[in-house]
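Below you'll find the structure, written out as structure tokens, and then a few comments.
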Amino acid sequence: MGIVDRVIANSVPAIPRPVVRRISRRYMAGEDLEEAIGTVRDLNKQGCVATLDVLGESTKDRADAAGKLEQYKRVIDAVVENDLASGVSVKLTGLGLDLDEGLCRSNLEEVIVYAGERGRFVRVDMEDSSYTARTIRIVLDMHERHGNTGAVVQAYLRRSLGDVRLLAEAGVSVRLCKGIYVEPREVAYKGFDTVRQNFVLLLEELMKAGCYVGVATHDEYLVWHALRVSHELGIPKGGYEFQMLLGVDEQLRRILVEGGQKVRVYVPFGKDWYEYSTRRLKENPKIARYVAQDVVGG
Ligand code: FDA
């Protein structure tokens, strides 16, 4: 990343909310459930499945966490009523992990049981490394009790090889991604190529162990490796899936769908869009540059 890009990326949080909102519209399915359902319906028509995420991270109190639980139930109801191909993605801090682990477990379990009774899957997003151990532990436990629960592993974390072995052995479905949080070097690999190589290593480990993998990336080099490994191991299309974020590289998404691959799109929606959007804008300096131009250009 060049110095200009770095300055722009680091300045993103200072960008006014209305501008962030305008630019990040393509990454979100609006503020309301109705809009999100419309987006999933369109994606299903395009041959993609989805996972719905109600935006908003760490909850401030028990009432907030209870509210998030109810929101997820409404999402699952709407998915079922509209006969859509979609699961949900949840963040444990949204369900109260910062308040009380027991409360969070009980909220999560309620979402999982509710979804399970309606034939839907719950993916537990992975947050920053201070939550990794607890999240893996909780997901393993929920998977054992209910089945319809999946984990996320971040390829930038040094610990991830151990985690994928544990998860694969327990038969947990894993979404593999590079990782989006800023982590100290002690816990995360920093080099772009190192993270890519670790992604490939983890992917091979998971696929060889017979794990159902959600290959969550827009990096075509990694997409190619997933196709290579599945080919070498004789895993048929649908024995794994690609996962992409709403609004990112729709061309690659189309190419994969037309090639008969299963593709799931992550569909975030809700009122707490600012934090999600600024994280994505910081991640991609090209978009941050576009934001900066937008501010300057008015
Ligand atoms: P990389 O960042 O190298 O991007 C490859 C190419 O894709 C870029 O050149 C660019 O063109 C395009 N691109 C990538 N991101 C873009 C963006 N925001 N806007 C526009 N273009 C973009 N992380 C995490 O820590 N916990 C989690 O639970 C999840 N969950 C998750 C679900 C799904 C479905 C996806 C796809 C990703 C996540 N992530 C995540 C985020 C993930 O860790 C990672 O930060 C991003 O996917 C970007 O990494 P890529 O592998 O796409 O490669």
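The chains in the structure tokens are called A, B, ... from first to last as shown; in each chain the residues are counted from 1, and the ligands are counted from 1 in the order shown.
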
request  = With only C-alpha atoms and all ligand atoms counted, collect every polymer residue having an atom within 7 Å of ligand 1; state the result as a PyMOL selection string.
outcome  = chain A and resi 125-128+152+154+177-181+216-219+243-245+248-249+265-266+280-281+283-284+287

Store the residues of this selection in a file with N, CA and C atoms, as an mmCIF file, in the first residue's frame.
```cif
data_model
loop_
_atom_site.group_PDB
_atom_site.id
_atom_site.type_symbol
_atom_site.label_atom_id
_atom_site.label_comp_id
_atom_site.auth_asym_id
_atom_site.auth_seq_id
_atom_site.Cartn_x
_atom_site.Cartn_y
_atom_site.Cartn_z
ATOM 1 N N ASP A 125 -19.928 -15.765 13.260
ATOM 2 C CA ASP A 125 -18.818 -14.958 12.737
ATOM 3 C C ASP A 125 -17.668 -14.958 13.738
ATOM 4 N N MET A 126 -16.457 -14.729 13.231
ATOM 5 C CA MET A 126 -15.322 -14.623 14.152
ATOM 6 C C MET A 126 -14.931 -13.155 14.294
ATOM 7 N N GLU A 127 -14.820 -12.702 15.535
ATOM 8 C CA GLU A 127 -14.454 -11.309 15.812
ATOM 9 C C GLU A 127 -12.956 -11.237 16.126
ATOM 10 N N ASP A 128 -12.510 -10.217 16.846
ATOM 11 C CA ASP A 128 -11.061 -10.078 17.026
ATOM 12 C C ASP A 128 -10.507 -11.165 17.953
ATOM 13 N N VAL A 152 -16.055 -19.949 12.037
ATOM 14 C CA VAL A 152 -15.235 -19.184 11.093
ATOM 15 C C VAL A 152 -13.794 -19.249 11.579
ATOM 16 N N GLN A 154 -9.889 -17.652 10.757
ATOM 17 C CA GLN A 154 -9.177 -16.566 10.068
ATOM 18 C C GLN A 154 -7.751 -17.013 9.736
ATOM 19 N N CYS A 177 -11.666 -17.572 6.080
ATOM 20 C CA CYS A 177 -11.454 -16.235 5.498
ATOM 21 C C CYS A 177 -10.061 -15.769 5.910
ATOM 22 N N LYS A 178 -9.635 -14.642 5.349
ATOM 23 C CA LYS A 178 -8.298 -14.134 5.712
ATOM 24 C C LYS A 178 -8.320 -13.506 7.109
ATOM 25 N N GLY A 179 -9.396 -12.806 7.449
ATOM 26 C CA GLY A 179 -9.464 -12.091 8.738
ATOM 27 C C GLY A 179 -9.399 -10.596 8.498
ATOM 28 N N ILE A 180 -10.204 -9.861 9.240
ATOM 29 C CA ILE A 180 -10.375 -8.429 8.924
ATOM 30 C C ILE A 180 -9.934 -7.477 10.039
ATOM 31 N N TYR A 181 -9.638 -7.977 11.234
ATOM 32 C CA TYR A 181 -9.328 -7.081 12.356
ATOM 33 C C TYR A 181 -7.830 -6.746 12.389
ATOM 34 N N ALA A 216 -14.381 -18.322 1.886
ATOM 35 C CA ALA A 216 -14.845 -16.931 1.911
ATOM 36 C C ALA A 216 -13.746 -15.991 1.464
ATOM 37 N N THR A 217 -13.722 -15.702 0.179
ATOM 38 C CA THR A 217 -12.690 -14.817 -0.360
ATOM 39 C C THR A 217 -13.121 -14.259 -1.706
ATOM 40 N N HIS A 218 -12.514 -13.107 -2.066
ATOM 41 C CA HIS A 218 -12.688 -12.556 -3.418
ATOM 42 C C HIS A 218 -11.351 -12.607 -4.132
ATOM 43 N N ASP A 219 -10.387 -13.257 -3.516
ATOM 44 C CA ASP A 219 -9.026 -13.340 -4.053
ATOM 45 C C ASP A 219 -8.978 -14.539 -5.008
ATOM 46 N N GLN A 243 -17.981 -18.261 -0.641
ATOM 47 C CA GLN A 243 -18.760 -17.235 0.054
ATOM 48 C C GLN A 243 -18.170 -15.865 -0.273
ATOM 49 N N MET A 244 -19.056 -14.927 -0.579
ATOM 50 C CA MET A 244 -18.597 -13.580 -0.925
ATOM 51 C C MET A 244 -19.470 -12.541 -0.237
ATOM 52 N N LEU A 245 -18.908 -11.349 -0.099
ATOM 53 C CA LEU A 245 -19.661 -10.266 0.539
ATOM 54 C C LEU A 245 -20.556 -9.582 -0.486
ATOM 55 N N VAL A 248 -19.331 -7.032 -3.530
ATOM 56 C CA VAL A 248 -17.911 -7.169 -3.877
ATOM 57 C C VAL A 248 -17.737 -8.167 -5.032
ATOM 58 N N ASP A 249 -17.039 -7.749 -6.062
ATOM 59 C CA ASP A 249 -16.690 -8.563 -7.247
ATOM 60 C C ASP A 249 -17.834 -9.457 -7.732
ATOM 61 N N VAL A 265 -23.818 -15.582 -0.508
ATOM 62 C CA VAL A 265 -23.514 -14.154 -0.338
ATOM 63 C C VAL A 265 -23.886 -13.723 1.073
ATOM 64 N N TYR A 266 -22.950 -13.011 1.697
ATOM 65 C CA TYR A 266 -23.134 -12.493 3.056
ATOM 66 C C TYR A 266 -23.905 -11.184 2.937
ATOM 67 N N ARG A 280 -14.958 -2.009 6.349
ATOM 68 C CA ARG A 280 -14.795 -2.456 4.959
ATOM 69 C C ARG A 280 -14.077 -1.384 4.142
ATOM 70 N N LEU A 281 -14.381 -0.125 4.422
ATOM 71 C CA LEU A 281 -13.741 0.956 3.681
ATOM 72 C C LEU A 281 -12.257 1.052 4.027
ATOM 73 N N GLU A 283 -10.476 -1.416 4.864
ATOM 74 C CA GLU A 283 -9.838 -2.597 4.299
ATOM 75 C C GLU A 283 -9.449 -2.381 2.849
ATOM 76 N N ASN A 284 -10.262 -1.598 2.159
ATOM 77 C CA ASN A 284 -10.025 -1.465 0.735
ATOM 78 C C ASN A 284 -9.706 -0.015 0.354
ATOM 79 N N ILE A 287 -11.474 1.867 -2.412
ATOM 80 C CA ILE A 287 -12.784 2.417 -2.116
ATOM 81 C C ILE A 287 -12.642 3.651 -1.234
#
```

message = For the helix (DSSP H, G or I) assignment from backbone DSSP, which residues of segment 66-126 of chain A qualify? Please present them as a ChimeraX atom specification.
response = /A:66-81,92-95,101-117

Put those residues in a file: C-alpha atoms, as a CSV table (one decimal), in the first residue's frame.
```csv
chain,number,residue,atom,x,y,z
A,66,ALA,CA,-32.4,-9.8,24.0
A,67,GLY,CA,-33.4,-7.4,21.3
A,68,LYS,CA,-30.8,-8.9,18.9
A,69,LEU,CA,-32.1,-12.4,19.7
A,70,GLU,CA,-35.7,-11.3,18.8
A,71,GLN,CA,-34.4,-9.7,15.6
A,72,TYR,CA,-32.8,-13.0,14.6
A,73,LYS,CA,-36.0,-14.9,15.2
A,74,ARG,CA,-37.8,-12.4,12.9
A,75,VAL,CA,-35.2,-12.8,10.3
A,76,ILE,CA,-35.5,-16.6,10.4
A,77,ASP,CA,-39.3,-16.3,10.2
A,78,ALA,CA,-39.1,-14.0,7.2
A,79,VAL,CA,-36.7,-16.4,5.4
A,80,VAL,CA,-39.0,-19.3,6.0
A,81,GLU,CA,-42.2,-17.4,5.1
A,92,LEU,CA,-21.3,-13.4,19.8
A,93,THR,CA,-20.7,-9.9,21.2
A,94,GLY,CA,-24.1,-9.0,19.7
A,95,LEU,CA,-25.6,-11.7,21.8
A,101,GLU,CA,-20.8,-15.7,28.7
A,102,GLY,CA,-23.7,-17.6,30.1
A,103,LEU,CA,-26.2,-15.1,28.8
A,104,CYS,CA,-24.5,-15.2,25.4
A,105,ARG,CA,-24.6,-19.0,25.2
A,106,SER,CA,-28.2,-19.0,26.2
A,107,ASN,CA,-29.1,-16.4,23.5
A,108,LEU,CA,-27.1,-18.2,20.9
A,109,GLU,CA,-28.7,-21.5,21.8
A,110,GLU,CA,-32.1,-20.0,21.4
A,111,VAL,CA,-31.2,-18.7,17.9
A,112,ILE,CA,-29.8,-22.1,16.9
A,113,VAL,CA,-32.8,-24.1,18.2
A,114,TYR,CA,-35.2,-21.7,16.5
A,115,ALA,CA,-33.3,-21.9,13.2
A,116,GLY,CA,-32.8,-25.7,13.5
A,117,GLU,CA,-36.6,-26.3,14.0
```

query = Expressed in Å to a single decimal, how great is the separation between atom CA of Val90 of chain A and atom CA of Leu222 of chain A?
reply =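 Atom CA of Leu222 of chain A lies 24.9 Å from atom CA of Val90 of chain A.
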
task = Find the residues around Val54 of chain A up to 7 Å (only C-alpha atoms counted), leave out those fewer than 5 positions away in its own chain, and share them as an MDAnalysis selection string.
result = chainID A and resid 268:270

task = For segment 187-198 of chain A, work out the shell of residues within 10 Å, counting only C-alpha atoms and skipping chain neighbours fewer than 2 positions away, then give it as a VMD selection string.
result = chain A and resid 129 154 to 161 177 to 179 181 to 185 200 to 204 219 221 to 222

key: Distance criterion (only C-alpha atoms): nearest to Gly210 of chain A out of A:Gly162, A:Ser173, A:Glu275, A:Glu232   = A:Ser173

Using only C-alpha atoms: which of A:Val49, A:Ala65, A:Leu246, A:Ala151 has the shortest distance to Arg26 of chain A =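 For Arg26 of chain A, the nearest of the candidates is A:Leu246.
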
task = Write out as an MDAnalysis selection string which residues come within 7 Å of Tyr240 of chain A when counting only C-alpha atoms, dropping same-chain ones fewer than 4 positions away.
result = chainID A and resid 212:214

ask   = What does the distance between atom CA of Arg123 of chain A and atom CA of Glu144 of chain A come to in Å, to one decimal place?
value =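 These two atoms are separated by 14.3 Å.
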
request  = Give me the residues within 10 Å of Ala85 of chain A as a PyMOL selection string, counting only C-alpha atoms and dropping any in the same chain fewer than 5 places off.
outcome  = chain A and resi 40-41+43-44+47-51+79-80+120+264
